[in-house]
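Structure, as structure tokens:
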Amino acid sequence: MRIAFLADIHGNLPALEAVVADLAAQSPDAVYLVGDQINRCPWNNQVMDLLADRGWPAIYGNHDWVVGCINTPDLPVTFQNRQRFPSLWWTHETLPPDHLARVRSLPAEMRLAFDGAAPIRMLHGVPGNPFVGLLPFTIEEKLADRIEAIAERVMVAGPSHRRLDRCISDKRGRHWRIFNGGSVGLPYNGDPRAQYLLLDWTQAGWQPTFRAIDYDHAPIPAAFESSGMIAAAGASAELHLRTVMTGQPWSSDFGHWMGRQPPEMRQDMPAAIRQYLATHGPGNWSFLDE
């Protein structure tokens with residue numbers, strides 16, 4: 001049995017199309033979407049149309065969830081600041097009602113059970129919080145505390161945008177194996193290829209294959225411009241474009257850095273981004289400051 005998991009597409013249609021072509025050659029028995037199908041790239045509607053045609057089961061990621069909450073009472077106060085999160089608002093405003101309805105209907109988690117194979121818990125982050133990434137360098141005890149409520153011993157998760165195959169144990173002697181195939185549309189591991197996960201069931205359990213598929217990045221900057229995304233989201237959209245083109249975590253690292261700045265910094269996002277770019281980047285990411 002072979003199962004494919006696609007996480008963090010983020011509205012990147014060329015990357016998704018490359019993965020779809022590769023899936024035809026890999027012939028999985030099923031394909032699942034691990035969240036963040038939309039936001040940060042300009043092809044959100046085309047991505048949702050393609051995924052609807054395929055009918056692959058999906059959960060929501062943190063970006064899907066926030067976009068679905070905009071203009072509802074559930075939107076957290078933080079994300080009500082359009083100047084700080086312009087691409088989220090642009091994505092919401094460019095999705096038609098049927099796509100928004102589909103985003104809002106997605107579940108937070110999914111239990112996958114297959115005959116003769118160990119069950120899998122699929123969720124974007126940790127139980128109750130799709131924003132929390134499970135990282136290779138996260139302290140084991142902290143990781144175990146975050147996933148202690150998960151009964152399944154195999155997990156597939158999302159939001160770190162980095163590949164992961166990690167075994168975790170807690171003080172009670174329970175064990176989990178956590179997989180992350182990386183990001184289809186916005187990798188953060190320095191490899192800009194479209195990345196996803198295959199799991200094969202064997203006598204030794206679920207065994208991963210991490211796929212990385214090349215695709216043509218040359219037309220992407222023009223699409224950011226012609227879609228209106230650069231005009232609407234400005235310097236923030238340019239950070240997302242930089243992330244797509246380099247496979248480096250510019251978008252989320254800036255968000256991490258911004259969350260630690262004084263409130264007045266949020267009044268001029270282009271200036272804030274310029275300051276961030278002057279002090280951070282490869283080898284000096286903000287998330288490593290802690």
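Going through the structure tokens in order, the chains are called A, B, and so on, while each chain numbers its residues from 1 and the ligands are numbered from 1 in the order shown.
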
Could you name the residues that touch region 157-163 of chain A at 6 Å or less, counting only C-alpha atoms, but leaving out those on the same chain fewer than 5 positions away, as a list in words?
->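 So the residues in contact are Ala7, Leu123, His124, Gly125, Gly133, Asn180, Gly181, Gly182, Ser183, Pro187, Tyr188 and Asn189 of chain A.
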
Residue nearest Thr202 (chain A) - candidates A:Gly116, A:Pro96, A:Pro86, A:Pro107, atoms counted: only C-alpha atoms |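 Using only C-alpha atoms, the shortest distance to Thr202 (chain A) belongs to A:Gly116.
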
Distance query Arg146 (chain A) at most 12 Å, only C-alpha atoms, self and fewer than 4 positions along chain excluded, as a list in words | Gly125, Val126, Pro127, Gly128, Asn129, Pro130, Val132, Gly133, Leu134, Thr138, Ile139, Glu140, Glu141, Lys142, Ile150, Ile168, Ser169, Asp170 and Trp176 of chain A

Neighbours of Ala231 (chain A) within 12 Å (only C-alpha atoms; same-chain residues fewer than 5 positions away dropped), as a list in words?
-> Pro42, Pro86, Ser87, Trp90, Ala223, Phe224, Glu225, Ser226, Ser236, Ala237 and Glu238 of chain A

Can you write out the residues you just picked, keeping N, CA and C atoms, as an mmCIF file, in the first residue's frame?
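Now in out-v7.cif:
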data_model
loop_
_atom_site.group_PDB
_atom_site.id
_atom_site.type_symbol
_atom_site.label_atom_id
_atom_site.label_comp_id
_atom_site.auth_asym_id
_atom_site.auth_seq_id
_atom_site.Cartn_x
_atom_site.Cartn_y
_atom_site.Cartn_z
ATOM 1 N N PRO A 42 -0.338 33.335 -6.038
ATOM 2 C CA PRO A 42 -1.484 33.991 -6.687
ATOM 3 C C PRO A 42 -2.520 33.074 -7.323
ATOM 4 N N PRO A 86 -1.633 41.402 4.672
ATOM 5 C CA PRO A 86 -2.370 41.775 3.455
ATOM 6 C C PRO A 86 -2.648 40.598 2.522
ATOM 7 N N SER A 87 -1.767 39.603 2.463
ATOM 8 C CA SER A 87 -2.016 38.500 1.523
ATOM 9 C C SER A 87 -3.178 37.633 1.981
ATOM 10 N N TRP A 90 -6.182 39.592 0.857
ATOM 11 C CA TRP A 90 -6.293 39.539 -0.593
ATOM 12 C C TRP A 90 -6.802 38.173 -1.038
ATOM 13 N N ALA A 223 3.494 36.306 -12.695
ATOM 14 C CA ALA A 223 2.171 35.935 -12.197
ATOM 15 C C ALA A 223 1.836 36.674 -10.906
ATOM 16 N N PHE A 224 2.819 36.874 -10.048
ATOM 17 C CA PHE A 224 2.586 37.667 -8.840
ATOM 18 C C PHE A 224 2.161 39.085 -9.207
ATOM 19 N N GLU A 225 2.748 39.626 -10.260
ATOM 20 C CA GLU A 225 2.397 40.977 -10.704
ATOM 21 C C GLU A 225 1.035 41.002 -11.386
ATOM 22 N N SER A 226 0.827 40.150 -12.373
ATOM 23 C CA SER A 226 -0.393 40.218 -13.183
ATOM 24 C C SER A 226 -1.649 39.839 -12.404
ATOM 25 N N SER A 236 4.999 42.467 1.474
ATOM 26 C CA SER A 236 4.702 41.139 2.015
ATOM 27 C C SER A 236 4.634 40.110 0.899
ATOM 28 N N ALA A 237 3.969 40.452 -0.207
ATOM 29 C CA ALA A 237 3.901 39.540 -1.347
ATOM 30 C C ALA A 237 5.284 39.311 -1.948
ATOM 31 N N GLU A 238 6.117 40.334 -1.934
ATOM 32 C CA GLU A 238 7.479 40.160 -2.446
ATOM 33 C C GLU A 238 8.276 39.185 -1.592
#

Pick out the residues sitting within 12 Å of Arg102 (chain A), and hand them over as a VMD selection string; count only C-alpha atoms, and ignore anything fewer than 3 positions along from it in its own chain.
-> chain A and resid 37 to 38 45 48 to 49 51 to 52 55 57 to 60 64 to 65 67 to 68 95 to 99 105 to 107
